[in-house]
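Source file: input_32.cif. Holds: mmCIF, C-alpha atoms, pLDDT in the B column; chains and numbers go by the auth columns.
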```cif
data_target
loop_
_atom_site.group_PDB
_atom_site.id
_atom_site.type_symbol
_atom_site.label_atom_id
_atom_site.label_comp_id
_atom_site.label_asym_id
_atom_site.label_seq_id
_atom_site.Cartn_x
_atom_site.Cartn_y
_atom_site.Cartn_z
_atom_site.B_iso_or_equiv
_atom_site.auth_seq_id
_atom_site.auth_asym_id
ATOM 1 C CA MET A 1 12.192 -3.328 -31.512 91.00 1 A
ATOM 2 C CA TYR A 2 9.048 -3.437 -29.382 97.00 2 A
ATOM 3 C CA ARG A 3 6.157 -5.468 -30.828 98.00 3 A
ATOM 4 C CA TYR A 4 3.760 -5.672 -27.859 98.00 4 A
ATOM 5 C CA ILE A 5 2.549 -2.525 -26.087 98.00 5 A
ATOM 6 C CA PHE A 6 0.764 -2.878 -22.729 98.00 6 A
ATOM 7 C CA PHE A 7 -1.127 0.202 -21.524 98.00 7 A
ATOM 8 C CA ASP A 8 -2.252 1.257 -18.076 97.00 8 A
ATOM 9 C CA LEU A 9 -5.737 2.825 -17.996 96.00 9 A
ATOM 10 C CA ASP A 10 -6.200 5.599 -15.400 94.00 10 A
ATOM 11 C CA GLY A 11 -3.907 8.531 -16.143 94.00 11 A
ATOM 12 C CA THR A 12 -2.587 6.877 -19.308 97.00 12 A
ATOM 13 C CA LEU A 13 -5.436 6.102 -21.705 98.00 13 A
ATOM 14 C CA THR A 14 -7.958 8.205 -19.795 97.00 14 A
ATOM 15 C CA ASP A 15 -8.127 11.167 -17.440 96.00 15 A
ATOM 16 C CA SER A 16 -10.166 9.584 -14.678 92.00 16 A
ATOM 17 C CA LYS A 17 -9.652 12.182 -11.961 94.00 17 A
ATOM 18 C CA GLU A 18 -13.217 13.503 -11.645 95.00 18 A
ATOM 19 C CA GLY A 19 -14.918 10.120 -11.305 95.00 19 A
ATOM 20 C CA ILE A 20 -12.336 8.681 -8.926 94.00 20 A
ATOM 21 C CA LEU A 21 -12.242 11.699 -6.613 96.00 21 A
ATOM 22 C CA ASN A 22 -16.032 11.999 -6.493 96.00 22 A
ATOM 23 C CA SER A 23 -16.328 8.308 -5.658 97.00 23 A
ATOM 24 C CA LEU A 24 -13.606 8.513 -3.004 96.00 24 A
ATOM 25 C CA ARG A 25 -15.451 11.370 -1.304 97.00 25 A
ATOM 26 C CA HIS A 26 -18.601 9.230 -1.369 96.00 26 A
ATOM 27 C CA ALA A 27 -16.691 6.371 0.288 96.00 27 A
ATOM 28 C CA PHE A 28 -15.307 8.529 3.087 96.00 28 A
ATOM 29 C CA GLU A 29 -18.732 10.040 3.707 96.00 29 A
ATOM 30 C CA LYS A 30 -20.363 6.606 3.887 95.00 30 A
ATOM 31 C CA LEU A 31 -17.733 5.410 6.358 94.00 31 A
ATOM 32 C CA GLY A 32 -18.253 8.542 8.486 94.00 32 A
ATOM 33 C CA LYS A 33 -14.679 9.711 8.010 93.00 33 A
ATOM 34 C CA PRO A 34 -13.435 13.112 6.774 93.00 34 A
ATOM 35 C CA ALA A 35 -12.142 13.000 3.217 94.00 35 A
ATOM 36 C CA PRO A 36 -8.503 14.054 2.757 93.00 36 A
ATOM 37 C CA GLY A 37 -7.657 17.040 0.569 94.00 37 A
ATOM 38 C CA GLU A 38 -7.333 16.750 -3.187 93.00 38 A
ATOM 39 C CA ASP A 39 -3.532 16.496 -3.017 91.00 39 A
ATOM 40 C CA THR A 40 -3.953 13.220 -1.124 92.00 40 A
ATOM 41 C CA LEU A 41 -6.937 11.941 -3.095 94.00 41 A
ATOM 42 C CA ILE A 42 -4.973 12.248 -6.353 91.00 42 A
ATOM 43 C CA LYS A 43 -2.530 9.673 -4.998 90.00 43 A
ATOM 44 C CA PHE A 44 -5.312 7.083 -5.231 91.00 44 A
ATOM 45 C CA ILE A 45 -5.216 7.297 -9.042 88.00 45 A
ATOM 46 C CA GLY A 46 -3.197 4.374 -10.319 79.00 46 A
ATOM 47 C CA PRO A 47 -2.324 1.932 -7.513 82.00 47 A
ATOM 48 C CA PRO A 48 -4.655 -0.770 -6.130 81.00 48 A
ATOM 49 C CA LEU A 49 -7.352 0.915 -4.028 88.00 49 A
ATOM 50 C CA GLN A 50 -7.378 -1.337 -0.982 88.00 50 A
ATOM 51 C CA GLU A 51 -3.630 -1.013 -0.443 88.00 51 A
ATOM 52 C CA THR A 52 -3.835 2.751 -0.922 92.00 52 A
ATOM 53 C CA PHE A 53 -6.545 3.164 1.729 95.00 53 A
ATOM 54 C CA MET A 54 -4.275 1.266 4.119 94.00 54 A
ATOM 55 C CA GLU A 55 -1.101 3.135 3.189 93.00 55 A
ATOM 56 C CA LEU A 56 -2.446 6.692 3.014 92.00 56 A
ATOM 57 C CA CYS A 57 -5.270 6.569 5.558 93.00 57 A
ATOM 58 C CA GLY A 58 -4.043 4.017 8.090 92.00 58 A
ATOM 59 C CA PHE A 59 -7.079 1.794 7.522 94.00 59 A
ATOM 60 C CA THR A 60 -7.043 -1.819 8.656 94.00 60 A
ATOM 61 C CA ARG A 61 -7.520 -4.392 5.901 92.00 61 A
ATOM 62 C CA GLU A 62 -11.182 -4.763 6.890 93.00 62 A
ATOM 63 C CA GLN A 63 -11.748 -0.983 6.849 93.00 63 A
ATOM 64 C CA ALA A 64 -9.996 -0.720 3.496 93.00 64 A
ATOM 65 C CA PHE A 65 -12.188 -3.470 2.044 92.00 65 A
ATOM 66 C CA ALA A 66 -15.310 -1.628 3.240 94.00 66 A
ATOM 67 C CA ALA A 67 -13.980 1.614 1.745 95.00 67 A
ATOM 68 C CA VAL A 68 -13.425 -0.044 -1.626 93.00 68 A
ATOM 69 C CA GLU A 69 -16.956 -1.437 -1.578 94.00 69 A
ATOM 70 C CA ALA A 70 -18.350 2.045 -0.799 96.00 70 A
ATOM 71 C CA PHE A 71 -16.201 3.553 -3.562 95.00 71 A
ATOM 72 C CA ARG A 72 -17.542 1.069 -6.088 93.00 72 A
ATOM 73 C CA GLU A 73 -21.159 1.806 -5.117 95.00 73 A
ATOM 74 C CA ARG A 74 -20.783 5.163 -6.842 96.00 74 A
ATOM 75 C CA TYR A 75 -17.951 4.484 -9.267 93.00 75 A
ATOM 76 C CA GLU A 76 -19.454 1.522 -11.115 92.00 76 A
ATOM 77 C CA PRO A 77 -22.739 3.156 -12.176 94.00 77 A
ATOM 78 C CA ILE A 78 -21.578 6.797 -12.402 95.00 78 A
ATOM 79 C CA GLY A 79 -17.915 7.547 -11.752 94.00 79 A
ATOM 80 C CA LYS A 80 -16.408 5.301 -14.415 91.00 80 A
ATOM 81 C CA PHE A 81 -17.865 7.558 -17.091 92.00 81 A
ATOM 82 C CA GLU A 82 -16.872 10.840 -15.359 94.00 82 A
ATOM 83 C CA ASN A 83 -13.790 10.395 -17.473 92.00 83 A
ATOM 84 C CA ALA A 84 -12.262 11.383 -20.803 95.00 84 A
ATOM 85 C CA ALA A 85 -9.846 9.852 -23.264 97.00 85 A
ATOM 86 C CA ALA A 86 -6.294 11.158 -22.964 97.00 86 A
ATOM 87 C CA PRO A 87 -5.670 13.605 -25.835 97.00 87 A
ATOM 88 C CA GLY A 88 -4.515 11.810 -28.956 98.00 88 A
ATOM 89 C CA MET A 89 -4.395 8.348 -27.397 98.00 89 A
ATOM 90 C CA PRO A 90 -7.348 6.621 -29.163 98.00 90 A
ATOM 91 C CA GLU A 91 -5.923 7.777 -32.486 98.00 91 A
ATOM 92 C CA LEU A 92 -2.399 6.663 -31.552 98.00 92 A
ATOM 93 C CA CYS A 93 -3.638 3.201 -30.561 98.00 93 A
ATOM 94 C CA GLY A 94 -5.407 2.898 -33.899 98.00 94 A
ATOM 95 C CA ARG A 95 -2.257 3.829 -35.810 98.00 95 A
ATOM 96 C CA LEU A 96 -0.094 1.429 -33.816 98.00 96 A
ATOM 97 C CA LYS A 97 -2.480 -1.450 -34.482 98.00 97 A
ATOM 98 C CA GLU A 98 -2.512 -0.630 -38.188 98.00 98 A
ATOM 99 C CA ALA A 99 1.294 -0.640 -38.145 98.00 99 A
ATOM 100 C CA GLY A 100 1.312 -4.206 -36.814 98.00 100 A
ATOM 101 C CA TYR A 101 1.840 -3.703 -33.075 98.00 101 A
ATOM 102 C CA VAL A 102 -0.135 -5.896 -30.666 98.00 102 A
ATOM 103 C CA LEU A 103 -1.792 -3.729 -28.014 98.00 103 A
ATOM 104 C CA ALA A 104 -3.180 -4.773 -24.652 98.00 104 A
ATOM 105 C CA LEU A 105 -4.589 -3.152 -21.532 98.00 105 A
ATOM 106 C CA SER A 106 -2.918 -4.080 -18.221 97.00 106 A
ATOM 107 C CA SER A 107 -4.753 -2.313 -15.384 95.00 107 A
ATOM 108 C CA SER A 108 -5.208 -2.993 -11.666 89.00 108 A
ATOM 109 C CA LYS A 109 -8.796 -1.727 -12.008 89.00 109 A
ATOM 110 C CA PRO A 110 -11.498 -4.448 -11.988 89.00 110 A
ATOM 111 C CA GLU A 111 -11.595 -5.981 -15.446 94.00 111 A
ATOM 112 C CA LYS A 112 -15.338 -5.499 -15.912 92.00 112 A
ATOM 113 C CA LEU A 113 -14.887 -1.741 -15.461 92.00 113 A
ATOM 114 C CA CYS A 114 -11.898 -1.735 -17.819 95.00 114 A
ATOM 115 C CA VAL A 115 -14.031 -3.382 -20.516 97.00 115 A
ATOM 116 C CA ASP A 116 -16.801 -0.787 -20.114 94.00 116 A
ATOM 117 C CA ILE A 117 -14.417 2.188 -20.107 95.00 117 A
ATOM 118 C CA CYS A 118 -12.407 1.004 -23.117 97.00 118 A
ATOM 119 C CA ALA A 119 -15.636 0.523 -25.062 96.00 119 A
ATOM 120 C CA ARG A 120 -16.965 3.975 -24.111 95.00 120 A
ATOM 121 C CA PHE A 121 -13.800 5.842 -25.106 96.00 121 A
ATOM 122 C CA GLY A 122 -12.958 4.021 -28.324 96.00 122 A
ATOM 123 C CA TYR A 123 -10.048 1.790 -27.305 98.00 123 A
ATOM 124 C CA THR A 124 -11.602 -1.657 -27.652 98.00 124 A
ATOM 125 C CA PRO A 125 -11.016 -2.087 -31.420 98.00 125 A
ATOM 126 C CA SER A 126 -7.274 -1.528 -30.923 98.00 126 A
ATOM 127 C CA LEU A 127 -6.789 -3.919 -27.990 98.00 127 A
ATOM 128 C CA SER A 128 -6.133 -7.646 -28.367 98.00 128 A
ATOM 129 C CA VAL A 129 -6.505 -8.200 -24.607 98.00 129 A
ATOM 130 C CA ILE A 130 -8.154 -6.204 -21.804 98.00 130 A
ATOM 131 C CA ALA A 131 -6.655 -7.486 -18.546 97.00 131 A
ATOM 132 C CA GLY A 132 -7.625 -6.220 -15.108 95.00 132 A
ATOM 133 C CA SER A 133 -8.229 -7.365 -11.555 89.00 133 A
ATOM 134 C CA PRO A 134 -11.023 -9.698 -10.406 86.00 134 A
ATOM 135 C CA LEU A 135 -14.059 -7.807 -9.133 74.00 135 A
ATOM 136 C CA HIS A 136 -13.260 -8.457 -5.464 71.00 136 A
ATOM 137 C CA GLY A 137 -9.536 -8.122 -4.836 66.00 137 A
ATOM 138 C CA ASP A 138 -6.955 -5.923 -6.514 68.00 138 A
ATOM 139 C CA HIS A 139 -4.120 -7.495 -8.457 82.00 139 A
ATOM 140 C CA THR A 140 -0.718 -5.858 -8.336 89.00 140 A
ATOM 141 C CA LYS A 141 0.600 -4.418 -11.578 94.00 141 A
ATOM 142 C CA ALA A 142 2.986 -7.370 -11.903 96.00 142 A
ATOM 143 C CA ASP A 143 0.056 -9.796 -11.494 95.00 143 A
ATOM 144 C CA VAL A 144 -1.841 -8.080 -14.297 96.00 144 A
ATOM 145 C CA ILE A 145 1.188 -7.973 -16.596 97.00 145 A
ATOM 146 C CA ARG A 146 1.761 -11.699 -16.067 96.00 146 A
ATOM 147 C CA ASP A 147 -1.899 -12.351 -16.863 96.00 147 A
ATOM 148 C CA THR A 148 -1.542 -10.296 -20.045 97.00 148 A
ATOM 149 C CA PHE A 149 1.482 -12.414 -21.010 97.00 149 A
ATOM 150 C CA ARG A 150 -0.577 -15.553 -20.525 97.00 150 A
ATOM 151 C CA ARG A 151 -3.551 -14.333 -22.516 98.00 151 A
ATOM 152 C CA LEU A 152 -1.331 -13.286 -25.426 98.00 152 A
ATOM 153 C CA ASN A 153 0.543 -16.622 -25.269 98.00 153 A
ATOM 154 C CA LEU A 154 3.867 -14.834 -24.723 97.00 154 A
ATOM 155 C CA SER A 155 6.967 -16.517 -23.323 93.00 155 A
ATOM 156 C CA GLU A 156 10.210 -15.497 -21.621 89.00 156 A
ATOM 157 C CA ALA A 157 11.745 -15.039 -25.053 95.00 157 A
ATOM 158 C CA ASP A 158 9.214 -12.302 -25.873 97.00 158 A
ATOM 159 C CA ARG A 159 10.081 -10.046 -22.928 96.00 159 A
ATOM 160 C CA PRO A 160 12.518 -7.793 -24.872 97.00 160 A
ATOM 161 C CA ASP A 161 9.713 -7.117 -27.373 98.00 161 A
ATOM 162 C CA ILE A 162 7.252 -5.855 -24.726 98.00 162 A
ATOM 163 C CA LEU A 163 6.794 -2.263 -23.563 98.00 163 A
ATOM 164 C CA MET A 164 4.590 -1.193 -20.652 98.00 164 A
ATOM 165 C CA VAL A 165 3.175 2.354 -20.760 98.00 165 A
ATOM 166 C CA GLY A 166 1.946 3.895 -17.514 98.00 166 A
ATOM 167 C CA ASP A 167 1.762 7.062 -15.442 96.00 167 A
ATOM 168 C CA ARG A 168 2.824 5.912 -11.953 95.00 168 A
ATOM 169 C CA LYS A 169 5.785 4.171 -10.330 95.00 169 A
ATOM 170 C CA TYR A 170 3.602 1.086 -9.831 94.00 170 A
ATOM 171 C CA ASP A 171 3.566 0.587 -13.597 97.00 171 A
ATOM 172 C CA VAL A 172 7.343 0.918 -13.819 98.00 172 A
ATOM 173 C CA LEU A 173 8.057 -1.334 -10.838 97.00 173 A
ATOM 174 C CA GLY A 174 5.519 -3.950 -11.933 97.00 174 A
ATOM 175 C CA ALA A 175 7.035 -4.043 -15.400 98.00 175 A
ATOM 176 C CA LYS A 176 10.528 -4.314 -13.924 97.00 176 A
ATOM 177 C CA GLU A 177 9.404 -7.253 -11.749 97.00 177 A
ATOM 178 C CA CYS A 178 8.274 -8.979 -14.939 97.00 178 A
ATOM 179 C CA GLY A 179 11.454 -8.174 -16.870 97.00 179 A
ATOM 180 C CA VAL A 180 9.757 -5.636 -19.132 98.00 180 A
ATOM 181 C CA ASP A 181 10.669 -2.034 -20.045 98.00 181 A
ATOM 182 C CA CYS A 182 8.269 0.763 -19.092 98.00 182 A
ATOM 183 C CA VAL A 183 7.798 4.238 -20.520 98.00 183 A
ATOM 184 C CA GLY A 184 6.325 6.743 -18.085 98.00 184 A
ATOM 185 C CA VAL A 185 3.724 9.245 -19.264 98.00 185 A
ATOM 186 C CA GLU A 186 3.096 12.587 -17.605 97.00 186 A
ATOM 187 C CA PHE A 187 -0.164 13.555 -19.279 96.00 187 A
ATOM 188 C CA PHE A 188 -2.041 14.785 -16.194 94.00 188 A
ATOM 189 C CA GLY A 189 0.551 15.176 -13.429 88.00 189 A
ATOM 190 C CA TYR A 190 -0.645 12.352 -11.183 90.00 190 A
ATOM 191 C CA ALA A 191 2.898 11.154 -10.444 91.00 191 A
ATOM 192 C CA ALA A 192 5.073 13.090 -8.011 90.00 192 A
ATOM 193 C CA PRO A 193 7.951 15.031 -9.604 93.00 193 A
ATOM 194 C CA GLY A 194 10.734 12.605 -10.521 96.00 194 A
ATOM 195 C CA GLU A 195 8.663 9.551 -9.503 96.00 195 A
ATOM 196 C CA LEU A 196 8.809 7.804 -12.873 97.00 196 A
ATOM 197 C CA GLU A 197 12.516 8.414 -13.443 97.00 197 A
ATOM 198 C CA GLU A 198 13.410 7.252 -9.937 98.00 198 A
ATOM 199 C CA ALA A 199 11.411 4.054 -10.418 98.00 199 A
ATOM 200 C CA GLY A 200 13.445 3.253 -13.529 98.00 200 A
ATOM 201 C CA ALA A 201 11.321 4.258 -16.525 98.00 201 A
ATOM 202 C CA VAL A 202 13.308 3.916 -19.764 98.00 202 A
ATOM 203 C CA ALA A 203 11.855 7.269 -20.858 98.00 203 A
ATOM 204 C CA VAL A 204 9.274 9.813 -19.722 98.00 204 A
ATOM 205 C CA VAL A 205 6.990 11.461 -22.285 98.00 205 A
ATOM 206 C CA ARG A 206 4.406 14.210 -21.962 97.00 206 A
ATOM 207 C CA SER A 207 2.144 13.759 -24.996 98.00 207 A
ATOM 208 C CA ALA A 208 0.776 11.105 -27.317 98.00 208 A
ATOM 209 C CA ALA A 209 3.048 12.459 -30.043 98.00 209 A
ATOM 210 C CA GLU A 210 6.149 11.996 -27.875 98.00 210 A
ATOM 211 C CA LEU A 211 5.038 8.481 -26.983 98.00 211 A
ATOM 212 C CA GLU A 212 4.503 7.607 -30.636 98.00 212 A
ATOM 213 C CA ARG A 213 7.979 8.827 -31.563 98.00 213 A
ATOM 214 C CA PHE A 214 9.562 6.759 -28.795 98.00 214 A
ATOM 215 C CA ILE A 215 7.724 3.574 -29.817 98.00 215 A
ATOM 216 C CA LEU A 216 8.479 3.956 -33.514 97.00 216 A
ATOM 217 C CA GLU A 217 12.163 4.675 -32.839 96.00 217 A
ATOM 218 C CA HIS A 218 12.614 1.671 -30.535 96.00 218 A
#
```

Would you mind writing the file's structure down as structure tokens?
Amino acid sequence: MYRYIFFDLDGTLTDSKEGILNSLRHAFEKLGKPAPGEDTLIKFIGPPLQETFMELCGFTREQAFAAVEAFRERYEPIGKFENAAAPGMPELCGRLKEAGYVLALSSSKPEKLCVDICARFGYTPSLSVIAGSPLHGDHTKADVIRDTFRRLNLSEADRPDILMVGDRKYDVLGAKECGVDCVGVEFFGYAAPGELEEAGAVAVVRSAAELERFILEH
């Protein structure tokens, strides 16, 4: 039975599309480059930003770093709150905590932003740990999960009791690298069709109610 539930943030606990896309467009404009279409911009939701600029846009590491800095110019004061809690998720987290589960956030987003967003949308009281990346430099999902282990004082023996919950293949693959199961969520359609299953998610759910049933039954 799972005892520790680690949650991703963007696309899992919140619908962050508006703030991220607006801030990406700001970054491309500042760098004097045309912004890709929305179908491409959506792919930035979830994985580490710097790597995504390099992978999707062909940026050098230096260009990608500059793009991330430009993104954060708008995202940190404005975009982080152009966001909404995923339907039913604050309430689910509250119920899981009351039932004795230990909940944590494991996000590649800078930790300072994670703290602000979780406070704004009502998640902080349910979370024992809020783990994210350092302000300058994105951690991989596996890095963040390992940090969450450390901060909860978990050991190798606890791995079967841990469940990661996320909306992209990066969550599934990062969890797998750490020896942890991952449930994929398809709340907002940010993952490509079949992406979560192909990455090895133990289940894919489409609502907070489905996620709650899976956790309580396992």

Tell me which residues the PyMOL selection byres ((chain A and resi 189-199) around 8) grabs here, as a ChimeraX atom specification. /A:11,42-43,45,167-169,172-173,184,186-188,200-204

Write out as number ranges by chain each polymer residue whose atoms come within 10 Å of region 104-109 of chain A, counting all atoms listed in the file; drop sequence neighbours fewer than 2 positions from it. A: 4-10, 13, 46-49, 93, 101-102, 111-115, 118, 123-124, 126-135, 137-149, 151-152, 164-166, 170-171

Output for the residues just chosen: C-alpha atoms as a PDB file, keeping the file's coordinate frame:
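Done, and the output landed in again.pdb:
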```pdb
ATOM      1  CA  TYR A   4       3.760  -5.672 -27.859  1.00 98.00           C
ATOM      2  CA  ILE A   5       2.549  -2.525 -26.087  1.00 98.00           C
ATOM      3  CA  PHE A   6       0.764  -2.878 -22.729  1.00 98.00           C
ATOM      4  CA  PHE A   7      -1.127   0.202 -21.524  1.00 98.00           C
ATOM      5  CA  ASP A   8      -2.252   1.257 -18.076  1.00 97.00           C
ATOM      6  CA  LEU A   9      -5.737   2.825 -17.996  1.00 96.00           C
ATOM      7  CA  ASP A  10      -6.200   5.599 -15.400  1.00 94.00           C
ATOM      8  CA  LEU A  13      -5.436   6.102 -21.705  1.00 98.00           C
ATOM      9  CA  GLY A  46      -3.197   4.374 -10.319  1.00 79.00           C
ATOM     10  CA  PRO A  47      -2.324   1.932  -7.513  1.00 82.00           C
ATOM     11  CA  PRO A  48      -4.655  -0.770  -6.130  1.00 81.00           C
ATOM     12  CA  LEU A  49      -7.352   0.915  -4.028  1.00 88.00           C
ATOM     13  CA  CYS A  93      -3.638   3.201 -30.561  1.00 98.00           C
ATOM     14  CA  TYR A 101       1.840  -3.703 -33.075  1.00 98.00           C
ATOM     15  CA  VAL A 102      -0.135  -5.896 -30.666  1.00 98.00           C
ATOM     16  CA  GLU A 111     -11.595  -5.981 -15.446  1.00 94.00           C
ATOM     17  CA  LYS A 112     -15.338  -5.499 -15.912  1.00 92.00           C
ATOM     18  CA  LEU A 113     -14.887  -1.741 -15.461  1.00 92.00           C
ATOM     19  CA  CYS A 114     -11.898  -1.735 -17.819  1.00 95.00           C
ATOM     20  CA  VAL A 115     -14.031  -3.382 -20.516  1.00 97.00           C
ATOM     21  CA  CYS A 118     -12.407   1.004 -23.117  1.00 97.00           C
ATOM     22  CA  TYR A 123     -10.048   1.790 -27.305  1.00 98.00           C
ATOM     23  CA  THR A 124     -11.602  -1.657 -27.652  1.00 98.00           C
ATOM     24  CA  SER A 126      -7.274  -1.528 -30.923  1.00 98.00           C
ATOM     25  CA  LEU A 127      -6.789  -3.919 -27.990  1.00 98.00           C
ATOM     26  CA  SER A 128      -6.133  -7.646 -28.367  1.00 98.00           C
ATOM     27  CA  VAL A 129      -6.505  -8.200 -24.607  1.00 98.00           C
ATOM     28  CA  ILE A 130      -8.154  -6.204 -21.804  1.00 98.00           C
ATOM     29  CA  ALA A 131      -6.655  -7.486 -18.546  1.00 97.00           C
ATOM     30  CA  GLY A 132      -7.625  -6.220 -15.108  1.00 95.00           C
ATOM     31  CA  SER A 133      -8.229  -7.365 -11.555  1.00 89.00           C
ATOM     32  CA  PRO A 134     -11.023  -9.698 -10.406  1.00 86.00           C
ATOM     33  CA  LEU A 135     -14.059  -7.807  -9.133  1.00 74.00           C
ATOM     34  CA  GLY A 137      -9.536  -8.122  -4.836  1.00 66.00           C
ATOM     35  CA  ASP A 138      -6.955  -5.923  -6.514  1.00 68.00           C
ATOM     36  CA  HIS A 139      -4.120  -7.495  -8.457  1.00 82.00           C
ATOM     37  CA  THR A 140      -0.718  -5.858  -8.336  1.00 89.00           C
ATOM     38  CA  LYS A 141       0.600  -4.418 -11.578  1.00 94.00           C
ATOM     39  CA  ALA A 142       2.986  -7.370 -11.903  1.00 96.00           C
ATOM     40  CA  ASP A 143       0.056  -9.796 -11.494  1.00 95.00           C
ATOM     41  CA  VAL A 144      -1.841  -8.080 -14.297  1.00 96.00           C
ATOM     42  CA  ILE A 145       1.188  -7.973 -16.596  1.00 97.00           C
ATOM     43  CA  ARG A 146       1.761 -11.699 -16.067  1.00 96.00           C
ATOM     44  CA  ASP A 147      -1.899 -12.351 -16.863  1.00 96.00           C
ATOM     45  CA  THR A 148      -1.542 -10.296 -20.045  1.00 97.00           C
ATOM     46  CA  PHE A 149       1.482 -12.414 -21.010  1.00 97.00           C
ATOM     47  CA  ARG A 151      -3.551 -14.333 -22.516  1.00 98.00           C
ATOM     48  CA  LEU A 152      -1.331 -13.286 -25.426  1.00 98.00           C
ATOM     49  CA  MET A 164       4.590  -1.193 -20.652  1.00 98.00           C
ATOM     50  CA  VAL A 165       3.175   2.354 -20.760  1.00 98.00           C
ATOM     51  CA  GLY A 166       1.946   3.895 -17.514  1.00 98.00           C
ATOM     52  CA  TYR A 170       3.602   1.086  -9.831  1.00 94.00           C
ATOM     53  CA  ASP A 171       3.566   0.587 -13.597  1.00 97.00           C
TER      54      ASP A 171
END
```

What residues have an atom no more than 10 Å from (9.7, -11.5, -25.6) in the file's own frame, counting only C-alpha atoms, and can you write them as a list in words? Tyr2, Arg3, Tyr4, Phe149, Leu154, Ser155, Glu156, Ala157, Asp158, Arg159, Pro160, Asp161, Ile162, Leu163, Gly179 and Val180 of chain A

Excluding Gly122 (chain A) and any residue of its chain fewer than 3 positions from it, enumerate the residues within 10 Å of it, using all atoms listed in the file, and give them as a PyMOL selection string. chain A and resi 85+89-91+93-94+117-119+125-126

Coordinates-based distance that separates CA of Asp15 (chain A) from CA of Ala86 (chain A) (Å, one decimal):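 Separation between CA of Ala86 (chain A) and CA of Asp15 (chain A): 5.8 Å.
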
A:Gly174, A:Pro110, A:Gly88, A:Gly37 ranked by distance to Glu76 (chain A), top pick (using only C-alpha atoms):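 Closest to Glu76 (chain A), using only C-alpha atoms: A:Pro110.
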
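For the residues A:Lys17, A:Arg213, A:Arg25, A:Arg61, ranking by smallest atom-to-atom distance to Phe81 (chain A) using all atoms listed in the file places A:Lys17 first.
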
Any chance you could work out the axis-aligned box around region 199-211 of chain A, listed atoms only, 3 Å on each side, giving centre and edge lengths in Å to one decimal, as AutoDock Vina command-line options?
```
--center_x 7.1 --center_y 8.7 --center_z -20.2 --size_x 18.7 --size_y 17.0 --size_z 25.6
```

Could you jot down the CA of Pro36 (chain A) to CA of His136 (chain A) separation for me, Å, one decimal place?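 It comes out at 24.4 Å.
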
In file coordinates, which residues lie within 12 Å of (-17.3, 9.1, 6.5) using all atoms listed in the file, given as a list in words?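 Protein and nucleic acid residues near the point are Leu24, Arg25, His26, Ala27, Phe28, Glu29, Lys30, Leu31, Gly32, Lys33, Pro34, Ala35, Pro36, Gln63, Ala66, Ala67, Ala70 and Phe71 of chain A.
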
Do you have the CA of Asp39 (chain A)-CA of Lys176 (chain A) distance handy?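 According to the coordinates, CA of Asp39 (chain A) and CA of Lys176 (chain A) are separated by 27.4 Å.
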
Closest of A:Phe214, A:Phe44, A:Tyr75, A:Phe121 to Cys57 (chain A) - atom-to-atom distances counting all atoms listed in the file: A:Phe44
